[in-house]
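Below: start-v8.txt (compact mmCIF, C-alpha atoms)
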# COMPACT_ATOMS: atom_id res chain seq x y z
CA MET A 1 0.00 0.00 0.00
CA SER A 2 1.40 3.41 -0.96
CA ARG A 3 2.10 6.06 1.65
CA ARG A 4 -0.41 8.41 0.04
CA LYS A 5 -3.19 5.85 0.24
CA THR A 6 -2.30 4.94 3.83
CA GLU A 7 -2.53 8.60 4.85
CA ARG A 8 -5.86 8.98 3.05
CA LEU A 9 -7.36 5.96 4.83
CA LEU A 10 -6.10 7.20 8.18
CA ASN A 11 -7.53 10.64 7.55
CA LEU A 12 -10.88 9.07 6.59
CA VAL A 13 -10.99 7.06 9.82
CA ILE A 14 -10.16 10.13 11.91
CA CYS A 15 -12.82 12.17 10.12
CA LEU A 16 -15.57 9.57 10.59
CA LEU A 17 -14.62 9.04 14.24
CA ALA A 18 -14.51 12.72 15.10
CA THR A 19 -17.86 13.72 13.57
CA ARG A 20 -20.90 13.99 15.82
CA ARG A 21 -23.33 13.42 12.98
CA PRO A 22 -23.19 11.32 9.80
CA LEU A 23 -21.34 13.03 6.96
CA SER A 24 -22.38 12.89 3.34
CA ALA A 25 -19.92 11.80 0.68
CA GLU A 26 -19.57 15.39 -0.50
CA HIS A 27 -18.71 16.61 3.00
CA ILE A 28 -16.13 13.83 3.30
CA ARG A 29 -14.67 14.80 -0.05
CA GLN A 30 -14.14 18.35 1.17
CA ALA A 31 -12.82 17.40 4.61
CA VAL A 32 -10.44 14.51 3.88
CA PRO A 33 -7.10 15.30 2.20
CA GLY A 34 -6.57 13.10 -0.83
CA TYR A 35 -10.12 13.32 -2.14
CA ASP A 36 -10.29 17.02 -2.94
CA ALA A 37 -8.12 16.82 -6.08
CA ALA A 38 -10.14 14.02 -7.72
CA ASN A 39 -12.99 14.59 -10.16
CA ASP A 40 -16.49 13.28 -9.38
CA GLU A 41 -16.06 9.87 -10.98
CA ALA A 42 -12.58 9.28 -9.56
CA PHE A 43 -13.74 10.31 -6.07
CA GLN A 44 -16.65 7.86 -6.14
CA ARG A 45 -14.35 5.00 -7.09
CA MET A 46 -11.75 5.90 -4.45
CA PHE A 47 -14.35 6.37 -1.73
CA GLU A 48 -16.04 3.02 -2.43
CA ARG A 49 -12.69 1.19 -2.43
CA ASP A 50 -11.59 2.87 0.78
CA LYS A 51 -14.83 2.01 2.57
CA ASN A 52 -14.56 -1.63 1.52
CA GLU A 53 -10.93 -1.89 2.61
CA LEU A 54 -11.65 -0.39 6.01
CA ARG A 55 -14.55 -2.76 6.54
CA GLU A 56 -12.40 -5.73 5.51
CA ILE A 57 -9.94 -4.98 8.31
CA GLY A 58 -12.74 -4.69 10.84
CA ILE A 59 -13.45 -0.96 11.02
CA PRO A 60 -17.25 -0.53 11.26
CA ILE A 61 -18.44 2.26 8.96
CA GLU A 62 -22.13 2.87 9.51
CA VAL A 63 -24.48 4.22 6.84
CA HIS A 64 -27.36 6.46 7.94
CA LYS A 65 -30.25 7.43 5.66
CA ASP A 66 -31.97 10.63 6.68
CA PRO A 67 -35.47 10.89 5.12
CA TRP A 68 -34.93 14.64 4.81
CA GLU A 69 -31.62 14.29 3.01
CA GLU A 70 -31.02 13.03 -0.51
CA ASP A 71 -27.61 11.42 0.14
CA PRO A 72 -26.79 8.94 2.92
CA GLY A 73 -24.39 9.84 5.71
CA TYR A 74 -21.38 7.93 7.08
CA ARG A 75 -19.72 7.74 10.47
CA ILE A 76 -17.78 5.42 12.77
CA VAL A 77 -19.31 4.95 16.22
CA PRO A 78 -16.44 5.20 18.73
CA GLN A 79 -17.91 2.49 20.96
CA ALA A 80 -17.84 0.03 18.06
CA TYR A 81 -14.31 1.01 17.06
CA GLU A 82 -12.64 0.94 20.47
CA LEU A 83 -10.67 -2.07 21.63
CA PRO A 84 -12.38 -4.35 24.13
CA GLU A 85 -10.98 -4.52 27.63
CA ILE A 86 -7.58 -6.21 27.64
CA THR A 87 -6.29 -7.94 30.75
CA LEU A 88 -2.67 -9.04 31.02
CA GLU A 89 -0.78 -10.35 33.99
CA PRO A 90 2.29 -8.30 35.00
CA ASP A 91 4.68 -10.91 33.57
CA GLU A 92 2.73 -11.01 30.28
CA ALA A 93 2.89 -7.23 29.94
CA ALA A 94 6.61 -7.36 30.67
CA VAL A 95 7.12 -9.94 27.92
CA VAL A 96 5.34 -7.68 25.43
CA GLY A 97 7.64 -4.82 26.34
CA LEU A 98 10.69 -7.05 26.13
CA ALA A 99 9.62 -8.31 22.71
CA ALA A 100 9.39 -4.75 21.44
CA GLN A 101 13.01 -4.23 22.48
CA VAL A 102 14.11 -7.44 20.81
CA TRP A 103 12.68 -6.33 17.48
CA GLN A 104 13.68 -2.68 17.70
CA ARG A 105 16.29 -3.15 14.93
CA ALA A 106 14.49 -5.83 12.97
CA SER A 107 12.09 -5.65 10.07
CA LEU A 108 9.33 -6.48 12.56
CA ALA A 109 9.92 -3.29 14.55
CA GLU A 110 6.88 -1.56 13.04
CA ALA A 111 4.58 -4.46 13.97
CA ALA A 112 5.98 -4.64 17.51
CA SER A 113 5.52 -0.90 18.03
CA GLY A 114 1.99 -1.13 16.65
CA ALA A 115 1.14 -3.91 19.09
CA LEU A 116 2.36 -1.84 22.02
CA LEU A 117 0.37 1.16 20.82
CA LYS A 118 -2.84 -0.89 20.65
CA LEU A 119 -2.25 -2.35 24.10
CA ARG A 120 -1.69 1.08 25.61
CA ALA A 121 -4.86 2.28 23.92
CA GLY A 122 -6.67 -0.52 25.71
CA GLY A 123 -5.33 0.63 29.08
CA VAL A 124 -2.58 -1.96 29.49
CA GLU A 125 0.68 -0.69 30.97
CA THR A 126 3.39 -2.49 29.00
CA ASP A 127 6.81 -2.76 30.54
CA GLU A 128 8.68 -1.39 27.53
CA ALA A 129 11.70 -0.37 29.58
CA GLY A 130 12.31 -3.94 30.61
CA GLY A 131 10.86 -4.06 34.12
CA MET A 132 11.48 -7.22 36.06
CA LEU A 133 12.47 -9.16 32.92
CA GLY A 134 14.66 -6.45 31.45
CA SER A 135 16.87 -6.40 34.52
CA ALA A 136 17.41 -10.15 34.35
CA LEU A 137 17.95 -10.59 30.61
CA GLU A 138 20.51 -9.06 28.31
CA LEU A 139 19.24 -8.57 24.76
CA ARG A 140 21.89 -9.58 22.24
CA VAL A 141 19.77 -10.10 19.16
CA ASP A 142 21.32 -8.98 15.86
CA THR A 143 18.95 -9.14 12.92
CA GLN A 144 21.04 -7.43 10.28
CA ASP A 145 21.39 -10.67 8.29
CA PRO A 146 19.78 -10.03 4.88
CA ALA A 147 18.25 -13.52 4.85
CA PHE A 148 16.28 -13.00 8.08
CA PRO A 149 13.03 -11.47 6.72
CA ALA A 150 12.55 -14.09 3.99
CA LEU A 151 13.28 -16.98 6.35
CA TRP A 152 10.99 -15.61 9.04
CA GLU A 153 8.16 -15.38 6.50
CA ALA A 154 8.91 -18.91 5.28
CA VAL A 155 8.65 -20.29 8.82
CA ARG A 156 5.42 -18.38 9.35
CA ASP A 157 3.95 -19.60 6.05
CA ARG A 158 5.39 -23.14 6.39
CA ARG A 159 6.99 -22.85 3.00
CA VAL A 160 10.07 -24.56 1.53
CA VAL A 161 13.02 -22.30 0.68
CA ARG A 162 16.18 -22.55 -1.41
CA PHE A 163 19.40 -20.60 -0.87
CA ALA A 164 23.16 -20.66 -1.48
CA TYR A 165 25.13 -21.58 1.64
CA ARG A 166 28.81 -21.25 2.46
CA ALA A 167 29.92 -24.14 4.66
CA ALA A 168 32.00 -23.39 7.75
CA ALA A 169 34.73 -25.89 6.92
CA SER A 170 35.33 -24.68 3.35
CA GLU A 171 34.86 -21.74 1.01
CA SER A 172 32.59 -23.70 -1.33
CA VAL A 173 29.04 -22.42 -1.78
CA LEU A 174 26.32 -25.02 -2.27
CA THR A 175 22.60 -24.72 -2.95
CA ARG A 176 20.38 -26.00 -0.16
CA THR A 177 16.66 -26.74 -0.24
CA VAL A 178 15.25 -26.60 3.27
CA GLU A 179 11.91 -27.15 4.99
CA PRO A 180 12.23 -24.50 7.73
CA TRP A 181 10.96 -25.34 11.20
CA GLY A 182 12.07 -22.21 13.02
CA VAL A 183 14.48 -19.30 13.27
CA VAL A 184 16.41 -19.08 16.52
CA SER A 185 19.16 -16.92 18.00
CA ARG A 186 21.98 -18.11 20.16
CA ARG A 187 24.74 -15.88 21.51
CA GLY A 188 24.08 -13.18 18.95
CA ARG A 189 23.99 -15.53 15.95
CA TRP A 190 20.84 -16.35 14.00
CA TYR A 191 20.09 -19.83 12.64
CA VAL A 192 17.35 -21.40 10.57
CA VAL A 193 16.57 -24.97 11.59
CA GLY A 194 14.74 -27.48 9.43
CA HIS A 195 14.85 -30.50 7.17
CA ASP A 196 17.60 -30.37 4.56
CA ARG A 197 16.15 -32.10 1.50
CA ASP A 198 19.57 -32.44 -0.13
CA ARG A 199 20.95 -34.42 2.83
CA ASP A 200 17.59 -35.84 3.90
CA ALA A 201 18.34 -34.87 7.50
CA ALA A 202 17.65 -32.19 10.07
CA ARG A 203 20.17 -29.36 9.90
CA ALA A 204 20.85 -25.88 11.26
CA PHE A 205 22.16 -23.10 9.01
CA ARG A 206 23.75 -19.88 10.22
CA LEU A 207 22.10 -16.93 8.49
CA SER A 208 25.36 -15.02 8.08
CA ARG A 209 26.65 -17.80 5.80
CA ILE A 210 23.71 -17.58 3.40
CA SER A 211 24.74 -15.91 0.15
CA GLY A 212 22.27 -14.09 -2.07
CA PRO A 213 18.48 -14.23 -1.93
CA VAL A 214 16.29 -16.79 -0.19
CA THR A 215 13.83 -18.15 -2.76
CA PRO A 216 10.45 -19.65 -1.78
CA VAL A 217 9.70 -23.05 -3.32
CA GLY A 218 6.20 -24.40 -3.85
CA ARG A 219 3.06 -23.38 -2.03
CA PRO A 220 2.66 -22.18 1.57
CA GLY A 221 1.50 -24.72 4.14
CA THR A 222 3.54 -27.65 2.82
CA VAL A 223 6.11 -27.77 5.65
CA VAL A 224 5.18 -29.96 8.61
CA VAL A 225 7.15 -29.39 11.81
CA PRO A 226 7.81 -32.72 13.58
CA GLU A 227 6.02 -33.06 16.87
CA GLY A 228 8.24 -32.50 19.87
CA VAL A 229 11.19 -31.09 17.89
CA ASP A 230 13.53 -28.87 19.94
CA ILE A 231 15.09 -26.38 17.55
CA LYS A 232 17.15 -24.74 20.28
CA SER A 233 19.04 -27.94 20.96
CA MET A 234 19.92 -28.17 17.27
CA VAL A 235 22.02 -25.01 17.35
CA GLY A 236 24.14 -26.10 20.31
CA TYR A 237 27.89 -26.24 19.92
CA ARG A 238 30.90 -27.10 22.03
CA GLU A 239 31.93 -24.62 24.65
CA GLU A 240 35.41 -23.63 23.50
CA PRO A 241 37.77 -20.99 24.88
CA VAL A 242 37.06 -17.65 23.23
CA GLN A 243 40.14 -16.08 21.66
CA GLU A 244 40.09 -12.29 21.50
CA ARG A 245 41.71 -10.70 18.47
CA THR A 246 42.17 -7.21 17.11
CA ALA A 247 40.71 -5.89 13.86
CA LEU A 248 42.16 -2.97 11.93
CA ILE A 249 39.30 -0.75 10.76
CA ARG A 250 39.56 2.41 8.63
CA VAL A 251 36.88 5.04 9.29
CA ARG A 252 36.28 8.44 7.75
CA GLU A 253 37.20 11.46 9.84
CA ALA A 254 34.48 12.67 12.24
CA THR A 255 32.30 9.55 11.64
CA CYS A 256 31.61 6.17 13.29
CA GLN A 257 31.55 7.44 16.85
CA GLY A 258 30.30 4.10 18.11
CA LEU A 259 33.37 2.31 16.77
CA ARG A 260 35.69 5.01 18.08
CA GLN A 261 34.31 4.65 21.60
CA VAL A 262 35.08 0.92 21.80
CA ALA A 263 38.38 1.06 19.92
CA ARG A 264 41.52 0.18 21.85
CA ALA A 265 43.49 2.69 19.81
CA VAL A 266 42.67 5.51 17.38
CA ARG A 267 45.30 7.12 15.16
CA PRO A 268 45.24 9.41 12.13
CA GLY A 269 45.42 7.76 8.74
CA THR A 270 45.74 9.20 5.25
CA GLY A 271 43.32 10.71 2.77
CA GLY A 272 40.71 11.76 5.32
CA TRP A 273 40.63 8.40 7.14
CA ASP A 274 41.51 7.31 10.68
CA GLU A 275 42.67 3.86 11.78
CA LEU A 276 41.06 2.01 14.69
CA ASP A 277 42.15 -1.09 16.60
CA VAL A 278 38.98 -2.88 17.73
CA ASP A 279 39.03 -6.08 19.79
CA PHE A 280 36.61 -8.85 18.78
CA THR A 281 35.96 -12.56 19.20
CA ASP A 282 33.46 -13.40 16.47
CA PRO A 283 34.07 -12.08 12.92
CA GLU A 284 30.38 -12.50 12.03
CA ARG A 285 29.21 -10.28 14.87
CA LEU A 286 31.90 -7.73 14.08
CA ALA A 287 30.78 -7.70 10.44
CA GLY A 288 27.14 -7.23 11.43
CA TRP A 289 28.15 -4.15 13.38
CA VAL A 290 30.56 -2.63 10.88
CA VAL A 291 28.23 -2.85 7.86
CA GLY A 292 25.82 -0.59 9.71
CA PHE A 293 28.27 2.28 9.15
CA ALA A 294 28.07 1.72 5.37
CA ALA A 295 30.78 3.45 3.35
CA ASP A 296 32.24 5.23 6.39
CA ALA A 297 33.97 2.09 7.71
CA GLU A 298 36.23 -0.52 6.12
CA VAL A 299 37.73 -3.60 7.76
CA VAL A 300 41.34 -4.00 6.65
CA GLY A 301 42.06 -7.20 8.57
CA PRO A 302 42.25 -9.93 9.69
CA PRO A 303 41.13 -11.69 6.48
CA ASP A 304 38.22 -13.64 8.00
CA ALA A 305 36.69 -10.47 9.47
CA ARG A 306 37.09 -8.64 6.16
CA ASP A 307 35.56 -11.59 4.27
CA ALA A 308 32.60 -11.64 6.66
CA VAL A 309 31.88 -7.98 5.87
CA ILE A 310 32.19 -8.57 2.13
CA CYS A 311 29.83 -11.57 2.34
CA ARG A 312 27.17 -9.50 4.10
CA LEU A 313 27.46 -6.64 1.64
CA LYS A 314 27.13 -9.05 -1.28
CA GLY A 315 24.02 -10.52 0.31
CA VAL A 316 22.45 -7.08 0.66
CA LEU A 317 23.35 -6.21 -2.94
CA ALA A 318 21.81 -9.46 -4.20
Would you write the structure of this file as structure tokens?
Amino acid sequence: MSRRKTERLLNLVICLLATRRPLSAEHIRQAVPGYDAANDEAFQRMFERDKNELREIGIPIEVHKDPWEEDPGYRIVPQAYELPEITLEPDEAAVVGLAAQVWQRASLAEAASGALLKLRAGGVETDEAGGMLGSALELRVDTQDPAFPALWEAVRDRRVVRFAYRAAASESVLTRTVEPWGVVSRRGRWYVVGHDRDRDAARAFRLSRISGPVTPVGRPGTVVVPEGVDIKSMVGYREEPVQERTALIRVREATCQGLRQVARAVRPGTGGWDELDVDFTDPERLAGWVVGFAADAEVVGPPDARDAVICRLKGVLA
């Protein structure tokens, strides 16, 4: 839906909610921005489509026929539009607030914010700042992987997907066809878990190693998640000592303040660039952070950290 149409529908809802008496189509045409520039025939078509779309999403537009008036009137009764009473336990409200924080950088941020707005409109105090759960949990979710939105939709729609995957043990890229069961995060890394049709076995794939687009295969609803499957256990790995290393990152002058603050050393470079020494343990997480600074930051080394950045940028480009 275009932004112009969204604004017009919102303006129509506000107009019909705010009026104390039913408004004729001509009054609506004059009062609602977006209708005034249309000719008579175009306005009638737009108005009929808008009314139908609002009714389809559950907004009750009432039609009133005054015997003394030639044209019918329209309005939205506030009591029919308002949310019913919503009751949440304190821990449930806290989870809603925590979920909004988890998705604050994801493609689902708009939906999460909208859910909180509706709950507040219903009188529910959501613990957006964290509350009792926020003090006990540290949010380390990074959803900058380009493959995340498509895989999330595939899990939701129970649809098979196909993508190119770079194995951890080699640089070879192979095509995988997967029946996704879920998308899960562990220690800042995102994985898709499901049935690998090529290997005929259950597998977990790290999203940062997916190259290029994720392509849906077949119709929605074809994936069946096995009963009792524990996708979290499928992304477990051995607890190994974490080795901290140092990355050399070039940043443009007067930019990338976040990187500068965590850098172990900052020194002037050449050509309008500075050089930063930044400690890291996981090249994938470092890459997910650095690409957020776009063309203002460049990882010079080590090679695996630089390759991780390049892989993410290629995925975005694809």
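Going from CA of His27 in chain A to CA of Thr6 in chain A covers 20.2 Å.
Compared by their closest atoms to Arg166 in chain A, and using all atoms listed in the file, the residues A:Arg285, A:Arg49, A:Arg209, A:Lys314 rank with A:Arg209 nearest.
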Please determine, counting only C-alpha atoms, which residue among A:Arg8, A:Gly288, A:Glu244, A:Ile76 has the shortest atom-to-atom distance to Asp36 in chain A.
A:Arg8
Nearest to Thr222 in chain A among A:Ala305, A:Val155, A:Ala297, A:Ala80, with distances taken over only C-alpha atoms: which residue is it?
A:Val155
Here is a test: counting all atoms listed in the file, which residue of A:Trp152, A:Trp289, A:Trp273, A:Phe280 is nearest to Gly258 in chain A?
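Once distances to Gly258 in chain A are computed over all atoms listed in the file, the minimum belongs to A:Trp289.
Taking CA of Thr255 in chain A and CA of Ser211 in chain A as endpoints, the distance between them is 28.9 Å.
Coordinates place CA of Phe163 in chain A at a distance of 23.5 Å from CA of Gly292 in chain A.
Of the residues listed (A:Phe148, A:Phe293, A:Tyr35, A:Tyr165), A:Phe148 shows the shortest atom-to-atom separation from Arg189 in chain A; distances use only C-alpha atoms.
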Spatial neighbours of Arg21 in chain A, 12 Å, only C-alpha atoms, chain gap at least 3 places, as number ranges by chain
A: 15-18, 24, 27, 62-66, 72-77
Please provide the set of residues having any atom within 8 Å of Gly269 in chain A, restricted to all atoms listed in the file, with same-chain residues fewer than 5 positions apart removed, written as an NGL selection string.
:A and (250 or 274-275)
